[in-house]
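Enquirer: Handing over model-v9.pdb, PDB, C-alpha atoms, pLDDT in the B column.
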```pdb
MODEL        1
ATOM      1  CA  MET N   1      -2.426  14.826  27.336  1.00 87.00           C
ATOM      2  CA  LYS N   2      -2.911  12.607  24.294  1.00 95.00           C
ATOM      3  CA  GLN N   3      -2.753  13.727  20.688  1.00 97.00           C
ATOM      4  CA  GLN N   4      -2.262  11.840  17.415  1.00 98.00           C
ATOM      5  CA  ILE N   5      -0.886  13.739  14.418  1.00 98.00           C
ATOM      6  CA  ILE N   6      -0.051  12.795  10.852  1.00 97.00           C
ATOM      7  CA  VAL N   7       2.239  14.793   8.587  1.00 96.00           C
ATOM      8  CA  SER N   8       2.165  13.961   4.895  1.00 95.00           C
ATOM      9  CA  GLY N   9       3.974  15.341   1.889  1.00 92.00           C
ATOM     10  CA  ILE N  10       6.479  14.356  -0.749  1.00 88.00           C
ATOM     11  CA  GLY N  11      10.219  14.053  -0.517  1.00 79.00           C
ATOM     12  CA  GLY N  12      11.997  17.358   0.025  1.00 75.00           C
ATOM     13  CA  GLN N  13       9.076  19.223   1.619  1.00 80.00           C
ATOM     14  CA  GLY N  14      10.270  19.017   5.215  1.00 89.00           C
ATOM     15  CA  VAL N  15       7.920  16.341   6.559  1.00 92.00           C
ATOM     16  CA  LEU N  16      10.648  14.832   8.725  1.00 92.00           C
ATOM     17  CA  PHE N  17      11.831  18.188  10.086  1.00 95.00           C
ATOM     18  CA  VAL N  18       8.376  19.315  11.198  1.00 97.00           C
ATOM     19  CA  THR N  19       7.884  15.874  12.751  1.00 96.00           C
ATOM     20  CA  ARG N  20      11.103  16.342  14.728  1.00 97.00           C
ATOM     21  CA  VAL N  21       9.965  19.816  15.859  1.00 98.00           C
ATOM     22  CA  ILE N  22       6.645  18.477  17.155  1.00 98.00           C
ATOM     23  CA  ALA N  23       8.378  15.566  18.898  1.00 98.00           C
ATOM     24  CA  GLN N  24      10.950  17.917  20.441  1.00 98.00           C
ATOM     25  CA  MET N  25       8.188  20.064  21.919  1.00 98.00           C
ATOM     26  CA  ALA N  26       6.833  16.972  23.672  1.00 98.00           C
ATOM     27  CA  VAL N  27      10.304  15.926  24.869  1.00 98.00           C
ATOM     28  CA  ASN N  28      10.951  19.414  26.224  1.00 98.00           C
ATOM     29  CA  ARG N  29       7.768  19.160  28.264  1.00 97.00           C
ATOM     30  CA  ALA N  30       8.668  15.618  29.406  1.00 97.00           C
ATOM     31  CA  ILE N  31       5.634  14.116  27.670  1.00 97.00           C
ATOM     32  CA  PRO N  32       6.067  10.671  26.112  1.00 97.00           C
ATOM     33  CA  VAL N  33       6.170  10.815  22.322  1.00 97.00           C
ATOM     34  CA  LEU N  34       6.362   8.181  19.605  1.00 96.00           C
ATOM     35  CA  THR N  35       7.053   8.853  15.938  1.00 96.00           C
ATOM     36  CA  SER N  36       7.102   6.712  12.847  1.00 93.00           C
ATOM     37  CA  GLU N  37       7.836   7.545   9.258  1.00 87.00           C
ATOM     38  CA  THR N  38       7.438   6.010   5.854  1.00 82.00           C
ATOM     39  CA  HIS N  39       9.603   7.522   3.160  1.00 63.00           C
ATOM     40  CA  GLY N  40      10.686   4.810   0.759  1.00 59.00           C
ATOM     41  CA  MET N  41      10.513   6.724  -2.506  1.00 56.00           C
ATOM     42  CA  ALA N  42      10.994  10.169  -1.003  1.00 51.00           C
ATOM     43  CA  GLN N  43      14.196  10.852  -2.937  1.00 56.00           C
ATOM     44  CA  ARG N  44      12.222  10.486  -6.159  1.00 60.00           C
ATOM     45  CA  GLY N  45       9.389  12.783  -5.097  1.00 66.00           C
ATOM     46  CA  GLY N  46       7.347  10.004  -3.524  1.00 76.00           C
ATOM     47  CA  THR N  47       5.031  10.238  -0.547  1.00 85.00           C
ATOM     48  CA  VAL N  48       6.413  10.722   2.944  1.00 88.00           C
ATOM     49  CA  LEU N  49       4.144  10.026   5.922  1.00 92.00           C
ATOM     50  CA  SER N  50       5.035  10.632   9.551  1.00 94.00           C
ATOM     51  CA  THR N  51       2.895   9.764  12.528  1.00 96.00           C
ATOM     52  CA  ILE N  52       3.318  11.376  15.919  1.00 97.00           C
ATOM     53  CA  LYS N  53       1.665  10.169  19.092  1.00 98.00           C
ATOM     54  CA  ILE N  54       1.987  12.452  22.089  1.00 98.00           C
ATOM     55  CA  GLY N  55       1.121  10.949  25.462  1.00 97.00           C
ATOM     56  CA  PRO N  56       0.968   7.448  26.902  1.00 96.00           C
ATOM     57  CA  PHE N  57       0.766   5.282  23.789  1.00 95.00           C
ATOM     58  CA  SER N  58       2.419   1.921  23.172  1.00 92.00           C
ATOM     59  CA  SER N  59       2.586   1.945  19.352  1.00 91.00           C
ATOM     60  CA  PRO N  60       3.591   4.763  16.982  1.00 89.00           C
ATOM     61  CA  LEU N  61       1.164   3.840  14.215  1.00 91.00           C
ATOM     62  CA  ILE N  62      -2.124   5.696  13.891  1.00 95.00           C
ATOM     63  CA  ARG N  63      -5.154   3.599  13.048  1.00 95.00           C
ATOM     64  CA  THR N  64      -7.984   4.565  10.743  1.00 96.00           C
ATOM     65  CA  GLY N  65     -10.137   7.327  12.209  1.00 97.00           C
ATOM     66  CA  GLN N  66      -7.803   8.138  15.125  1.00 97.00           C
ATOM     67  CA  ALA N  67      -5.707  11.191  14.115  1.00 98.00           C
ATOM     68  CA  ASP N  68      -6.600  14.480  15.786  1.00 98.00           C
ATOM     69  CA  LEU N  69      -4.619  16.588  13.326  1.00 98.00           C
ATOM     70  CA  GLY N  70      -3.285  16.167   9.820  1.00 98.00           C
ATOM     71  CA  LEU N  71      -0.719  18.491   8.284  1.00 98.00           C
ATOM     72  CA  LEU N  72      -0.700  17.956   4.521  1.00 97.00           C
ATOM     73  CA  LEU N  73       2.251  19.546   2.798  1.00 96.00           C
ATOM     74  CA  TRP N  74       0.982  18.217  -0.542  1.00 93.00           C
ATOM     75  CA  ASP N  75      -2.774  18.265  -1.049  1.00 94.00           C
ATOM     76  CA  LYS N  76      -2.706  15.340  -3.500  1.00 93.00           C
ATOM     77  CA  ASN N  77      -2.045  13.047  -0.506  1.00 92.00           C
ATOM     78  CA  LEU N  78      -5.458  13.782   1.004  1.00 94.00           C
ATOM     79  CA  PRO N  79      -7.267  10.861  -0.688  1.00 93.00           C
ATOM     80  CA  VAL N  80      -4.501   8.496   0.449  1.00 91.00           C
ATOM     81  CA  HIS N  81      -4.496   9.524   4.130  1.00 94.00           C
ATOM     82  CA  GLN N  82      -8.019  10.903   4.611  1.00 95.00           C
ATOM     83  CA  SER N  83      -9.205   7.792   6.445  1.00 96.00           C
ATOM     84  CA  LEU N  84      -6.687   8.341   9.256  1.00 97.00           C
ATOM     85  CA  LEU N  85      -8.354  11.505  10.568  1.00 97.00           C
ATOM     86  CA  LYS N  86     -11.123  11.182  13.141  1.00 97.00           C
ATOM     87  CA  GLU N  87     -14.466  12.877  12.471  1.00 95.00           C
ATOM     88  CA  THR N  88     -13.656  15.700  14.879  1.00 96.00           C
ATOM     89  CA  GLY N  89     -10.067  16.023  13.616  1.00 97.00           C
ATOM     90  CA  THR N  90      -8.653  18.893  11.583  1.00 97.00           C
ATOM     91  CA  TRP N  91      -6.768  18.983   8.298  1.00 97.00           C
ATOM     92  CA  ILE N  92      -4.394  21.876   7.671  1.00 97.00           C
ATOM     93  CA  ILE N  93      -3.521  21.654   4.002  1.00 97.00           C
ATOM     94  CA  ASN N  94      -1.073  23.371   1.676  1.00 97.00           C
ATOM     95  CA  SER N  95      -3.406  23.925  -1.271  1.00 96.00           C
ATOM     96  CA  THR N  96      -4.643  26.480  -3.750  1.00 95.00           C
ATOM     97  CA  GLU N  97      -7.882  24.551  -4.251  1.00 93.00           C
ATOM     98  CA  PRO N  98     -11.048  24.860  -2.136  1.00 91.00           C
ATOM     99  CA  GLY N  99     -12.169  21.862  -0.125  1.00 90.00           C
ATOM    100  CA  ASP N 100     -12.227  20.271   3.291  1.00 88.00           C
ATOM    101  CA  GLY N 101     -10.099  21.498   6.167  1.00 93.00           C
ATOM    102  CA  ILE N 102      -8.071  24.626   6.656  1.00 95.00           C
ATOM    103  CA  ARG N 103      -6.419  25.428   3.342  1.00 96.00           C
ATOM    104  CA  LEU N 104      -3.797  27.980   2.451  1.00 96.00           C
ATOM    105  CA  ASP N 105      -1.088  28.377  -0.151  1.00 96.00           C
ATOM    106  CA  ALA N 106       1.727  27.741   2.316  1.00 97.00           C
ATOM    107  CA  ALA N 107       4.129  27.026  -0.561  1.00 95.00           C
ATOM    108  CA  GLU N 108       3.657  30.548  -1.916  1.00 96.00           C
ATOM    109  CA  ILE N 109       4.161  32.049   1.542  1.00 96.00           C
ATOM    110  CA  ALA N 110       7.339  29.991   1.901  1.00 95.00           C
ATOM    111  CA  ARG N 111       8.599  30.984  -1.564  1.00 96.00           C
ATOM    112  CA  ASN N 112       8.142  34.622  -0.564  1.00 95.00           C
ATOM    113  CA  LEU N 113      10.447  33.908   2.377  1.00 94.00           C
ATOM    114  CA  GLY N 114      13.017  32.545  -0.063  1.00 93.00           C
ATOM    115  CA  ASN N 115      12.651  28.798   0.481  1.00 92.00           C
ATOM    116  CA  ALA N 116       9.654  26.660  -0.538  1.00 90.00           C
ATOM    117  CA  VAL N 117      10.547  23.966   2.031  1.00 91.00           C
ATOM    118  CA  LEU N 118       9.488  26.371   4.785  1.00 96.00           C
ATOM    119  CA  LEU N 119       5.843  25.585   4.023  1.00 96.00           C
ATOM    120  CA  ASN N 120       6.048  22.915   6.750  1.00 97.00           C
ATOM    121  CA  LEU N 121       6.565  25.512   9.476  1.00 98.00           C
ATOM    122  CA  VAL N 122       3.927  27.809   7.989  1.00 98.00           C
ATOM    123  CA  LEU N 123       1.404  24.969   8.430  1.00 98.00           C
ATOM    124  CA  LEU N 124       2.666  24.285  11.958  1.00 98.00           C
ATOM    125  CA  GLY N 125       2.197  27.974  12.784  1.00 97.00           C
ATOM    126  CA  VAL N 126      -1.414  27.776  11.598  1.00 97.00           C
ATOM    127  CA  ALA N 127      -1.950  24.692  13.785  1.00 97.00           C
ATOM    128  CA  ILE N 128      -0.645  26.574  16.816  1.00 97.00           C
ATOM    129  CA  GLN N 129      -2.652  29.708  15.965  1.00 95.00           C
ATOM    130  CA  ARG N 130      -5.846  27.667  15.699  1.00 95.00           C
ATOM    131  CA  LYS N 131      -5.013  25.699  18.892  1.00 96.00           C
ATOM    132  CA  LYS N 132      -5.121  22.418  16.965  1.00 97.00           C
ATOM    133  CA  ILE N 133      -1.871  21.255  18.525  1.00 96.00           C
ATOM    134  CA  ALA N 134      -1.195  21.051  22.247  1.00 91.00           C
ATOM    135  CA  PHE N 135       1.846  23.332  22.343  1.00 97.00           C
ATOM    136  CA  SER N 136       2.496  27.060  22.595  1.00 97.00           C
ATOM    137  CA  VAL N 137       4.295  29.429  20.264  1.00 97.00           C
ATOM    138  CA  ASP N 138       7.207  29.706  22.706  1.00 98.00           C
ATOM    139  CA  GLU N 139       7.538  25.916  22.925  1.00 98.00           C
ATOM    140  CA  CYS N 140       7.642  25.742  19.137  1.00 98.00           C
ATOM    141  CA  ARG N 141      10.240  28.498  18.836  1.00 98.00           C
ATOM    142  CA  THR N 142      12.410  26.727  21.401  1.00 98.00           C
ATOM    143  CA  ALA N 143      12.187  23.402  19.532  1.00 98.00           C
ATOM    144  CA  ILE N 144      13.014  25.048  16.196  1.00 98.00           C
ATOM    145  CA  THR N 145      15.982  26.797  17.801  1.00 98.00           C
ATOM    146  CA  GLN N 146      17.200  23.456  19.156  1.00 98.00           C
ATOM    147  CA  LEU N 147      16.885  21.632  15.823  1.00 97.00           C
ATOM    148  CA  ALA N 148      17.436  24.068  12.957  1.00 96.00           C
ATOM    149  CA  PRO N 149      20.947  24.686  11.667  1.00 95.00           C
ATOM    150  CA  GLN N 150      22.022  28.185  12.713  1.00 96.00           C
ATOM    151  CA  LYS N 151      22.216  29.394   9.108  1.00 95.00           C
ATOM    152  CA  PHE N 152      18.509  28.540   8.574  1.00 94.00           C
ATOM    153  CA  LEU N 153      17.181  29.532  11.997  1.00 97.00           C
ATOM    154  CA  ALA N 154      15.952  33.028  11.073  1.00 97.00           C
ATOM    155  CA  GLN N 155      14.096  31.685   7.998  1.00 96.00           C
ATOM    156  CA  ASN N 156      12.526  28.869  10.015  1.00 97.00           C
ATOM    157  CA  LEU N 157      11.287  31.260  12.681  1.00 98.00           C
ATOM    158  CA  ALA N 158       9.989  33.645  10.001  1.00 97.00           C
ATOM    159  CA  ALA N 159       7.982  30.791   8.425  1.00 97.00           C
ATOM    160  CA  LEU N 160       6.475  29.904  11.796  1.00 98.00           C
ATOM    161  CA  ARG N 161       5.562  33.577  12.322  1.00 97.00           C
ATOM    162  CA  MET N 162       3.872  33.743   8.906  1.00 96.00           C
ATOM    163  CA  GLY N 163       1.696  30.765   9.853  1.00 96.00           C
ATOM    164  CA  LEU N 164       0.862  32.334  13.202  1.00 96.00           C
ATOM    165  CA  GLU N 165      -0.134  35.579  11.509  1.00 94.00           C
ATOM    166  CA  TYR N 166      -2.062  34.063   8.604  1.00 90.00           C
ATOM    167  CA  GLU N 167      -5.705  35.105   8.866  1.00 78.00           C
ATOM    168  CA  GLN N 168      -7.359  34.387   5.524  1.00 54.00           C
ATOM    169  CA  LEU N 169      -8.000  30.740   6.226  1.00 41.00           C
ATOM    170  CA  ASP N 170     -10.648  28.873   4.287  1.00 43.00           C
ATOM    171  CA  GLU N 171     -12.152  26.441   6.784  1.00 43.00           C
ATOM    172  CA  GLN N 172     -15.077  24.389   5.559  1.00 38.00           C
TER
ENDMDL
END
```
Using structure tokens, write down the structure that the file contains.

Expert:
Amino acid sequence: MKQQIIVSGIGGQGVLFVTRVIAQMAVNRAIPVLTSETHGMAQRGGTVLSTIKIGPFSSPLIRTGQADLGLLLWDKNLPVHQSLLKETGTWIINSTEPGDGIRLDAAEIARNLGNAVLLNLVLLGVAIQRKKIAFSVDECRTAITQLAPQKFLAQNLAALRMGLEYEQLDEQ
């Protein structure tokens, strides 16, 4: 199995946590995984980009036109990272605006759960539902259980479930 994934957002949106969840799913299945992150100005609301390579790769960076999946926690990052996705790749985007990819207002769903940061797991749930990521629901639940602090576990699993159950997706 080989899959290249980018996760992009701004500081405080949970880019690094969802990256850790995806990497943990690979580790749990004993699949090689490489991650890299750029988050220099994240504390000031700047862009955070993580790359995840699942399978036998030698470098964690994703070249132009190579990503299979992009999870965009902030839709304004699309012009910046759009070139990384391959032609047959899929964007799953937190957005209220129409456009390319699978778009949903994951932030609103997360706010309804009581924590806007949960939008990251809503998007991951959509990726699993649409079979855009090479892992199962159970593998994701296990990874979240391993990584989430106990006091946030129920909320994290609820956010994943909301993504799995979301049906009104605008895919263009």

Enquirer: If I take CA of Arg111 (chain N) and CA of Glu37 (chain N), how far is one from the other in Å, to one decimal?

Expert: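 Interatomic distance here is 25.8 Å.
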
Enquirer: Name the residues that the PyMOL selection byres ((chain N and resi 147) around 12) pulls out of this structure, and write them as a PyMOL selection string.

Expert: chain N and resi 16-25+140-146+148-153+156-157

Enquirer: Just how far from CA of Pro79 (chain N) is CA of Ile10 (chain N), in Å to one decimal?

Expert: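 Interatomic distance here is 14.2 Å.
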
Enquirer: Step by step, work through what the PyMOL selection byres ((chain N and resi 9) around 7) selects in the shown file, and finish by giving those residues as a list in words.

Expert: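 Output of the PyMOL selection byres ((chain N and resi 9) around 7): Val7, Ser8, Ile10, Gly11, Gln13, Val15, Thr47, Val48, Leu49, Leu72, Leu73, Trp74 and Asn77 of chain N.
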
Enquirer: Would you kindly return, as a PyMOL selection string, each protein, DNA or RNA residue with an atom no farther than 9 Å from any atom of Val122 (chain N), considering only C-alpha atoms and excluding same-chain residues fewer than 3 positions away?

Expert: chain N and resi 106-107+109-110+118-119+125-127+156+158-164+166

Enquirer: For each of N:Ala67, N:Val27, N:Leu124, N:Ala116, take the minimum atom-to-atom distance to Gln3 (chain N), counting all atoms listed in the file, then give the residue where this is smallest.

Expert: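 When distances to Gln3 (chain N) are compared using all atoms listed in the file, the smallest one comes from N:Ala67.
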
Enquirer: Using only C-alpha atoms, which protein or nucleic acid residues come within 10 Å of Glu97 (chain N)? Drop anything in the same chain fewer than 5 positions from it, and give the result as a list in words.

Expert: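 Once the adjacent positions are removed, what remains is Asp75, Arg103, Leu104, Asp105 and Asp170 of chain N.
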
Enquirer: Between CA of Gly99 (chain N) and CA of Thr64 (chain N), measure the distance and give it in Å to one decimal.

Expert: 20.9 Å

Enquirer: Between N:Leu69, N:Ile52, N:Val137, N:Ala26, single out the one closest to Thr88 (chain N), counting only C-alpha atoms.

Expert: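 Closest to Thr88 (chain N), using only C-alpha atoms: N:Leu69.
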
Enquirer: May I ask which of the residues N:Phe57, N:Gly65, N:Asp100, N:Glu165 is the closest one to Glu87 (chain N), counting all atoms listed in the file?

Expert: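 Between N:Phe57, N:Gly65, N:Asp100, N:Glu165, the residue approaching Glu87 (chain N) most closely is N:Gly65.
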
Enquirer: Give me the residues within 12 Å of Pro56 (chain N) as a list in words, counting all atoms listed in the file and dropping any in the same chain fewer than 4 places off.

Expert: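 In the requested format, the answer is Met1, Lys2, Gln3, Gln4, Ala26, Ala30, Ile31, Pro32, Val33, Leu34, Ile52 and Pro60 of chain N.
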
Enquirer: Give me the box for region 153-163 of chain N as JSON, namely the centre and edge lengths in Å to one decimal of a box along x, y and z that holds every listed atom plus 8 Å on each side.

Expert:
```
{"center_x": 9.4, "center_y": 31.3, "center_z": 10.3, "size_x": 31.5, "size_y": 20.9, "size_z": 20.7}
```

Enquirer: For region 89-93 of chain N, find every residue with an atom within 6 Å (counting all atoms listed in the file), except residues of its own chain fewer than 3 positions away, and show them as a JSON list (two decimals) with C-alpha atoms, in the coordinates of the input.

Expert:
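selection_4.json, written as the output of this step:
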```
[["chain", "number", "residue", "atom", "x", "y", "z"],
["N", 68, "ASP", "CA", -6.60, 14.48, 15.79],
["N", 69, "LEU", "CA", -4.62, 16.59, 13.33],
["N", 70, "GLY", "CA", -3.28, 16.17, 9.82],
["N", 71, "LEU", "CA", -0.72, 18.49, 8.28],
["N", 72, "LEU", "CA", -0.70, 17.96, 4.52],
["N", 85, "LEU", "CA", -8.35, 11.50, 10.57],
["N", 86, "LYS", "CA", -11.12, 11.18, 13.14],
["N", 101, "GLY", "CA", -10.10, 21.50, 6.17],
["N", 102, "ILE", "CA", -8.07, 24.63, 6.66],
["N", 103, "ARG", "CA", -6.42, 25.43, 3.34]]
```

Enquirer: For Ala154 (chain N), which residue out of N:Glu139, N:Glu167, N:Asn115, N:Gln82 is the nearest one, using all atoms listed in the file?

Expert: N:Asn115

Enquirer: Using all atoms listed in the file, can you tell me which of N:Thr96, N:Lys53, N:Gly14, N:Ser58 comes closest to Ile133 (chain N)?

Expert: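 With all atoms listed in the file as the atom set, the closest residue is N:Lys53.
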